>>> print(open('coords_2.txt').read())   # compact mmCIF, C-alpha atoms
# COMPACT_ATOMS: atom_id res chain seq x y z
CA MET W 18 128.02 121.53 178.99
CA MET W 19 127.45 118.77 181.56
CA ASN W 20 123.70 119.46 181.43
CA LYS W 21 123.70 119.01 177.66
CA ILE W 22 125.51 115.67 177.95
CA LEU W 23 123.05 114.47 180.58
CA THR W 24 120.12 115.53 178.42
CA LEU W 25 121.53 113.68 175.40
CA ALA W 26 122.13 110.56 177.50
CA ALA W 27 118.55 110.70 178.77
CA CYS W 28 117.21 110.93 175.20
CA VAL W 29 119.29 107.92 174.15
CA ALA W 30 118.01 105.96 177.15
CA LEU W 31 114.39 106.82 176.38
CA LEU W 32 114.87 105.85 172.73
CA SER W 33 116.38 102.50 173.74
CA LEU W 34 113.50 101.88 176.15
CA ALA W 35 110.94 102.67 173.47
CA THR W 36 112.66 100.31 171.05
CA ALA W 37 112.71 97.55 173.66
CA CYS W 38 109.02 98.06 174.46
CA GLY W 39 108.19 97.76 170.77
CA SER W 40 110.12 94.55 170.31
CA ASP W 41 106.97 92.47 170.81
CA ASN W 42 105.86 93.60 167.35
CA ASP W 43 108.93 91.91 165.91
CA GLU W 44 107.93 88.50 167.29
CA PRO W 45 106.77 85.99 164.64
CA GLN W 46 103.00 86.15 164.20
CA PRO W 47 100.95 82.92 164.17
CA ASP W 48 99.92 81.55 160.78
CA ARG W 49 96.42 82.48 159.61
CA ILE W 50 94.60 79.15 159.29
CA GLU W 51 91.14 78.66 157.79
CA ARG W 52 89.27 75.36 157.79
CA ALA W 53 86.52 74.37 155.38
CA SER W 54 84.65 71.26 154.38
CA MET W 55 82.68 70.20 151.32
CA ALA W 56 80.03 67.47 151.41
CA GLY W 57 78.37 65.57 148.57
CA VAL W 58 81.57 65.44 146.57
CA VAL W 59 81.66 62.93 143.73
CA THR W 60 84.84 60.86 143.57
CA LYS W 61 85.31 59.29 140.15
CA THR W 62 87.89 56.52 139.82
CA VAL W 63 89.19 55.11 136.58
CA ALA W 64 90.70 51.88 137.89
CA GLY W 65 93.96 50.88 136.30
CA THR W 66 93.12 47.19 136.37
CA THR W 67 89.84 47.47 134.44
CA GLY W 68 89.77 50.94 132.90
CA GLU W 69 86.11 51.21 133.92
CA PRO W 70 85.09 54.43 135.71
CA PHE W 71 82.84 54.43 138.75
CA ASP W 72 81.52 57.16 141.05
CA VAL W 73 81.07 57.20 144.84
CA ASN W 74 79.89 59.76 147.36
CA SER W 75 82.68 61.40 149.32
CA SER W 76 83.68 64.64 151.04
CA LEU W 77 86.65 66.98 151.25
CA GLU W 78 88.21 68.88 154.12
CA PHE W 79 90.69 71.74 153.76
CA SER W 80 93.10 73.31 156.25
CA ILE W 81 94.20 76.49 154.49
CA ASN W 82 97.35 78.26 155.66
CA HIS W 83 97.08 81.73 154.16
CA THR W 84 100.44 82.74 155.63
CA ALA W 85 102.51 79.82 154.33
CA LYS W 86 100.36 79.51 151.18
CA THR W 87 99.78 75.81 151.69
CA VAL W 88 96.65 73.65 151.99
CA ASP W 89 96.23 70.30 153.75
CA VAL W 90 93.57 68.22 152.00
CA THR W 91 91.65 65.24 153.38
CA ALA W 92 89.66 63.18 150.88
CA MET W 93 87.14 60.99 152.68
CA GLY W 94 85.26 58.04 151.23
CA VAL W 95 87.63 57.07 148.40
CA LYS W 96 87.67 53.73 146.56
CA PHE W 97 90.41 52.50 144.25
CA SER W 98 88.31 49.65 142.88
CA VAL W 99 84.59 49.08 142.44
CA HIS W 100 85.07 45.80 144.33
CA GLN W 101 86.80 47.45 147.31
CA PRO W 102 84.62 46.55 150.34
CA VAL W 103 85.21 49.74 152.35
CA THR W 104 86.20 53.30 151.56
CA VAL W 105 89.38 54.97 152.81
CA ASP W 106 90.40 58.49 153.82
CA LEU W 107 93.48 60.06 152.26
CA ASN W 108 95.56 62.96 153.59
CA PHE W 109 97.54 65.25 151.30
CA ASP W 110 99.42 67.65 153.56
CA GLY W 111 101.37 70.68 152.43
CA CYS W 112 99.92 71.22 148.97
CA LYS W 113 101.23 74.42 147.43
CA ALA W 114 98.48 77.01 147.03
CA THR W 115 98.08 79.97 144.69
CA PHE W 116 95.36 82.38 145.79
CA ALA W 117 93.16 84.38 143.42
CA ASP W 118 91.59 85.74 146.62
CA ASP W 119 90.97 84.46 150.15
CA LYS W 120 88.23 82.07 149.02
CA HIS W 121 89.46 81.00 145.59
CA PHE W 122 92.72 79.12 145.09
CA THR W 123 94.51 76.40 143.17
CA ILE W 124 96.56 73.61 144.77
CA ALA W 125 99.28 71.26 143.56
CA GLY W 126 101.49 68.53 145.01
CA THR W 127 102.99 65.10 144.39
CA GLY W 128 104.72 62.24 146.18
CA PHE W 129 102.20 61.80 149.01
CA THR W 130 102.07 58.49 150.91
CA PRO W 131 98.64 58.55 152.58
CA MET W 132 98.75 54.83 153.40
CA GLU W 133 101.21 51.97 153.26
CA GLY W 134 101.82 50.64 149.77
CA TYR W 135 100.21 53.60 148.01
CA THR W 136 101.64 56.81 146.57
CA VAL W 137 99.62 59.76 145.30
CA ASN W 138 101.16 61.78 142.48
CA ASP W 139 100.26 64.75 140.30
CA LEU W 140 97.57 66.19 142.55
CA SER W 141 96.10 69.42 141.24
CA GLY W 142 92.86 71.25 141.78
CA THR W 143 90.86 74.44 142.01
CA VAL W 144 88.65 75.38 144.96
CA ASP W 145 86.18 78.25 145.36
CA LEU W 146 84.84 78.36 148.90
CA ALA W 147 82.51 81.28 148.12
CA LEU W 148 80.66 79.19 145.51
CA ASN W 149 81.32 75.90 147.34
CA THR W 150 82.84 74.33 144.23
CA ALA W 151 85.94 72.26 143.60
CA ILE W 152 87.60 70.05 141.00
CA LEU W 153 90.59 67.89 142.02
CA LYS W 154 92.51 65.18 140.20
CA TYR W 155 95.33 62.85 141.25
CA LEU W 156 96.97 59.51 140.50
CA VAL W 157 96.99 56.66 143.03
CA VAL W 158 99.92 54.32 142.43
CA SER W 159 100.41 50.89 144.05
CA THR W 160 102.43 47.82 143.18
CA ARG W 161 99.36 46.36 141.49
CA SER W 162 97.84 49.25 139.53
CA THR W 163 97.57 52.97 138.86
CA SER W 164 94.20 54.68 139.15
CA GLN W 165 93.20 58.13 137.92
CA ILE W 166 90.89 59.85 140.38
CA TYR W 167 88.77 62.97 139.99
CA ALA W 168 86.87 64.59 142.84
CA PHE W 169 84.36 67.33 142.06
CA SER W 170 81.66 69.20 143.95
CA PRO W 171 78.02 68.35 143.21
CA THR W 172 77.55 71.86 141.78
CA LEU W 173 79.71 73.34 139.03
CA TYR W 174 79.31 76.62 137.13
CA SER W 175 80.19 77.70 133.64
CA GLU W 176 82.88 80.36 133.60
CA LEU W 177 81.81 83.98 133.24
CA PRO W 178 83.33 86.33 130.67
CA GLN W 179 86.24 88.28 132.15
CA ASP W 180 84.34 91.57 132.26
CA ALA W 181 81.07 90.08 133.54
CA GLY W 182 81.62 90.77 137.25
CA ASN W 183 80.36 88.16 139.72
CA TYR W 184 77.67 85.51 139.56
CA GLY W 185 75.27 87.46 141.77
CA SER W 186 75.20 90.61 139.63
CA THR W 187 76.02 89.59 136.06
CA VAL W 188 73.48 89.86 133.25
CA GLU W 189 75.41 87.36 131.12
CA THR W 190 74.00 83.90 130.48
CA TYR W 191 75.63 81.15 132.53
CA TYR W 192 74.94 77.58 133.61
CA LYS W 193 74.89 75.70 136.90
CA PHE W 194 75.34 71.95 136.61
CA GLN W 195 74.30 69.61 139.42
CA TYR W 196 75.32 65.97 139.61
CA SER W 197 75.28 63.58 142.54
CA ILE W 198 75.12 59.90 143.40
CA THR W 199 72.08 58.56 145.24
CA SER W 200 72.29 56.11 148.13
CA GLN W 201 71.42 53.42 145.56
CA GLY W 202 74.48 54.39 143.53
CA THR W 203 72.59 55.93 140.61
CA PRO W 204 73.30 59.42 139.22
CA GLU W 205 70.85 62.31 139.43
CA GLY W 206 71.11 65.98 138.60
CA GLY W 207 69.82 69.11 136.95
CA ILE W 208 70.83 72.10 134.85
CA SER W 209 70.01 75.68 135.78
CA ILE W 210 70.33 78.49 133.24
CA TYR W 211 70.57 82.12 134.31
CA ASN W 212 69.78 85.26 132.31
CA ILE W 213 68.45 83.48 129.24
CA SER W 214 66.00 84.60 126.56
CA PHE W 215 64.41 82.08 124.22
CA ALA W 216 63.42 84.52 121.49
CA ALA W 217 64.63 87.85 120.17
CA GLY W 218 62.92 90.74 121.90
CA MET W 219 61.79 88.66 124.86
CA PRO W 220 63.04 89.69 128.31
CA LYS W 221 65.68 87.53 129.92
CA LEU W 222 64.52 84.98 132.48
CA ALA W 223 66.51 85.25 135.71
CA GLU W 224 66.68 81.47 136.22
CA ILE W 225 65.19 78.30 134.82
CA ARG W 226 65.90 74.74 135.94
CA ILE W 227 65.92 71.68 133.70
CA PRO W 228 65.21 68.61 135.87
CA LEU W 229 67.04 65.44 134.91
CA ASN W 230 65.37 62.82 137.09
CA GLY W 231 62.24 62.11 135.08
CA GLU W 232 61.27 59.99 132.12
CA GLY W 233 63.00 60.83 128.89
CA THR W 234 66.29 61.83 130.51
CA VAL W 235 69.50 59.85 130.82
CA ILE W 236 72.55 60.72 132.94
CA GLU W 237 75.59 58.58 132.21
CA PRO W 238 78.93 58.72 134.04
CA THR W 239 81.95 58.91 131.73
CA ALA W 240 85.65 58.42 132.39
CA THR W 241 86.14 62.19 132.81
CA GLY W 242 82.73 63.48 133.91
CA TYR W 243 79.20 62.75 132.77
CA HIS W 244 76.86 63.02 129.78
CA ILE W 245 73.19 64.08 129.71
CA ALA W 246 70.53 63.43 127.08
CA GLY W 247 66.78 63.89 127.02
CA SER W 248 63.64 65.17 125.30
CA GLY W 249 60.19 66.28 126.35
CA ILE W 250 61.50 67.89 129.54
CA VAL W 251 59.35 70.57 131.15
CA PRO W 252 61.64 73.18 132.73
CA TYR W 253 60.82 75.29 135.77
CA TYR W 254 60.99 79.06 136.07
CA ILE W 255 62.21 80.23 139.47
CA GLN W 256 59.92 83.00 140.72
CA GLY W 257 60.14 84.33 144.25
CA GLY W 258 61.88 81.16 145.38
CA ALA W 259 59.08 78.97 143.98
CA GLU W 260 59.34 76.78 140.88
CA VAL W 261 56.71 77.35 138.19
CA PRO W 262 56.48 74.73 135.40
CA MET W 263 56.89 76.14 131.88
CA ALA W 264 55.00 73.65 129.67
CA SER W 265 55.26 76.06 126.72
CA ARG W 266 59.08 75.85 126.85
CA THR W 267 59.60 72.09 126.57
CA ILE W 268 63.26 71.11 126.24
CA ASP W 269 63.94 68.66 123.39
CA ASN W 270 67.07 67.02 122.01
CA LEU W 271 69.08 67.95 125.09
CA ASP W 272 72.72 66.92 124.77
CA ALA W 273 75.21 68.03 127.41
CA THR W 274 78.70 66.90 128.39
CA ILE W 275 80.59 67.87 131.54
CA ASP W 276 84.30 67.08 131.43
CA VAL W 277 86.01 67.64 134.79
CA ALA W 278 89.39 66.50 133.42
CA ALA W 279 89.44 69.23 130.76
CA ARG W 280 87.24 71.55 132.87
CA THR W 281 84.90 72.11 129.93
CA TYR W 282 81.19 71.86 129.21
CA SER W 283 78.93 71.78 126.16
CA VAL W 284 75.14 72.13 126.10
CA GLU W 285 72.65 72.17 123.26
CA PHE W 286 68.89 71.72 123.05
CA ASP W 287 65.77 72.79 121.17
CA CYS W 288 63.21 75.04 122.86
CA TYR W 289 60.42 77.32 121.64
CA GLY W 290 61.39 76.68 118.03
CA LEU W 291 65.00 77.68 118.64
CA HIS W 292 68.22 75.71 118.84
CA VAL W 293 70.30 76.77 121.85
CA ALA W 294 74.00 75.86 122.02
CA HIS W 295 76.71 76.94 124.48
CA ASN W 296 80.16 75.59 125.33
CA GLY W 297 83.13 76.81 127.31
CA LYS W 298 85.17 76.38 130.45
CA LEU W 299 84.00 75.35 133.90
CA HIS W 300 84.66 77.56 136.90
CA ALA W 301 85.74 75.68 140.01
>>> encode(input="coords_2.txt", output="structure tokens")
Amino acid sequence: MMNKILTLAACVALLSLATACGSDNDEPQPDRIERASMAGVVTKTVAGTTGEPFDVNSSLEFSINHTAKTVDVTAMGVKFSVHQPVTVDLNFDGCKATFADDKHFTIAGTGFTPMEGYTVNDLSGTVDLALNTAILKYLVVSTRSTSQIYAFSPTLYSELPQDAGNYGSTVETYYKFQYSITSQGTPEGGISIYNISFAAGMPKLAEIRIPLNGEGTVIEPTATGYHIAGSGIVPYYIQGGAEVPMASRTIDNLDATIDVAARTYSVEFDCYGLHVAHNGKLHA
């Protein structure tokens, strides 16, 4: 009987020791932090004092806490007024994040005070690190004025149909819009179209690019994005990484609008005797 008691006591002792040895697993684990940056971002400000929009070059930095589901955002190179002599950097710490996956998330927050005398409200945005795209918007409030600000990546994509898969494998037609501000402060850009056929029965072209920096094209900033118009544009077919001009596919009557506030796009043009028109949502 005594031997049985001793054996039971030994088992209890071993179990307690094993539990103690495993207690390290119960210690809080460090947060999983990912950092990312995005250059060439366009910051569009609609100044409250004038109502006139203007665009400047800027950049964004993200500190993404996957564990806490928060994102710290730094917006660098921001102006509240076209007459502001220098740009400023703004920090928005602790934005709430909702993750579609590790690289694609939305953020939201309000009541930030990135600098004395200024409050940032109603910040919201969508970021896709895999595509290197983003659209953010927020209000900057001071005692003198309120300015609506949009920040968006130089490249934006049209949204794919839900059952289309991903951008690298889909056979659906989609657009890539490029817009940036030169060092002289003028806009430039281009439109790429993927998986498009200009006539019934013709095979789809993997990618064509419509340049927007030549004669006959106009890119105009708007209060919520930008507008494109042009005619007589020779597009390029992308073949083996090289661009081949397609003089037989001249783009005429191009009319396109990118609205980052509504996250929408519309494109129409004439080509090869056909009128092409698409509109929908932007992916960011």
>>> atom_distance(input="coords_2.txt", atom1="CA of Phe129 (chain W)", atom2="CA of Val59 (chain W)")
21.2 Å
>>> closest_residue(input="coords_2.txt", among="W:Pro252, W:Gly94, W:Gly142, W:Gly111", to="Ala278 (chain W)", atoms="only C-alpha atoms")
W:Gly142
>>> residues_around(input="coords_2.txt", residues="Phe116 (chain W)", least_positions_apart="6", cutoff="8 Å", atoms="all atoms listed in the file", output="JSON, numbers by chain")
{"W": [86, 122, 123]}
>>> closest_residue(input="coords_2.txt", among="W:Pro45, W:Thr163, W:Thr274, W:Gln256", to="Ala294 (chain W)", atoms="all atoms listed in the file")
W:Thr274
>>> residues_around(input="coords_2.txt", residues="region 193-201 of chain W", least_positions_apart="4", cutoff="6 Å", atoms="all atoms listed in the file", output="PyMOL selection string")
chain W and resi 171-174+205-209
>>> write_last_selection(input="coords_2.txt", atoms="C-alpha atoms", output="PDB file, in the coordinates of the input")
ATOM      1  CA  PRO W 171      78.020  68.350 143.210  1.00  0.00           C
ATOM      2  CA  THR W 172      77.550  71.860 141.780  1.00  0.00           C
ATOM      3  CA  LEU W 173      79.710  73.340 139.030  1.00  0.00           C
ATOM      4  CA  TYR W 174      79.310  76.620 137.130  1.00  0.00           C
ATOM      5  CA  GLU W 205      70.850  62.310 139.430  1.00  0.00           C
ATOM      6  CA  GLY W 206      71.110  65.980 138.600  1.00  0.00           C
ATOM      7  CA  GLY W 207      69.820  69.110 136.950  1.00  0.00           C
ATOM      8  CA  ILE W 208      70.830  72.100 134.850  1.00  0.00           C
ATOM      9  CA  SER W 209      70.010  75.680 135.780  1.00  0.00           C
TER      10      SER W 209
END
>>> atom_distance(input="coords_2.txt", atom1="CA of Asp89 (chain W)", atom2="CA of Tyr184 (chain W)")
27.9 Å
>>> atom_distance(input="coords_2.txt", atom1="CA of Ile213 (chain W)", atom2="CA of Pro238 (chain W)")
27.3 Å
>>> axis_aligned_box(input="coords_2.txt", around="region 267-284 of chain W", padding_each_side="3 Å", output="lines of an AutoDock Vina configuration file")
center_x = 74.5
center_y = 69.3
center_z = 128.4
size_x = 35.8
size_y = 11.6
size_z = 18.8
>>> closest_residue(input="coords_2.txt", among="W:Tyr254, W:Tyr191, W:Phe169, W:Tyr243", to="Gly57 (chain W)", atoms="only C-alpha atoms")
W:Phe169
>>> closest_residue(input="coords_2.txt", among="W:Asp276, W:Asp110, W:Glu133, W:Asp180", to="Gly297 (chain W)", atoms="only C-alpha atoms")
W:Asp276
>>> residues_around(input="coords_2.txt", residues="region 112-115 of chain W", least_positions_apart="2", cutoff="9 Å", atoms="only C-alpha atoms", output="number ranges by chain")
W: 81-83, 85-90, 109-110, 117-118, 121-127, 140-141
>>> closest_residue(input="coords_2.txt", among="W:Ile227, W:Ile166, W:Asn212, W:Ser54", to="Thr187 (chain W)", atoms="all atoms listed in the file")
W:Asn212
>>> closest_residue(input="coords_2.txt", among="W:Leu146, W:Leu177, W:Ala273, W:Ala64", to="Leu299 (chain W)", atoms="only C-alpha atoms")
W:Leu177
>>> residues_near_point(input="coords_2.txt", point="(89.5, 63.1, 158.8)", cutoff="12 Å", atoms="only C-alpha atoms", output="compact mmCIF listing (two decimals) with C-alpha atoms, in the coordinates of the input")
# COMPACT_ATOMS: atom_id res chain seq x y z
CA SER W 54 84.65 71.26 154.38
CA SER W 75 82.68 61.40 149.32
CA SER W 76 83.68 64.64 151.04
CA LEU W 77 86.65 66.98 151.25
CA GLU W 78 88.21 68.88 154.12
CA PHE W 79 90.69 71.74 153.76
CA SER W 80 93.10 73.31 156.25
CA ASP W 89 96.23 70.30 153.75
CA VAL W 90 93.57 68.22 152.00
CA THR W 91 91.65 65.24 153.38
CA ALA W 92 89.66 63.18 150.88
CA MET W 93 87.14 60.99 152.68
CA GLY W 94 85.26 58.04 151.23
CA VAL W 105 89.38 54.97 152.81
CA ASP W 106 90.40 58.49 153.82
CA LEU W 107 93.48 60.06 152.26
CA ASN W 108 95.56 62.96 153.59
CA PHE W 109 97.54 65.25 151.30
CA PRO W 131 98.64 58.55 152.58
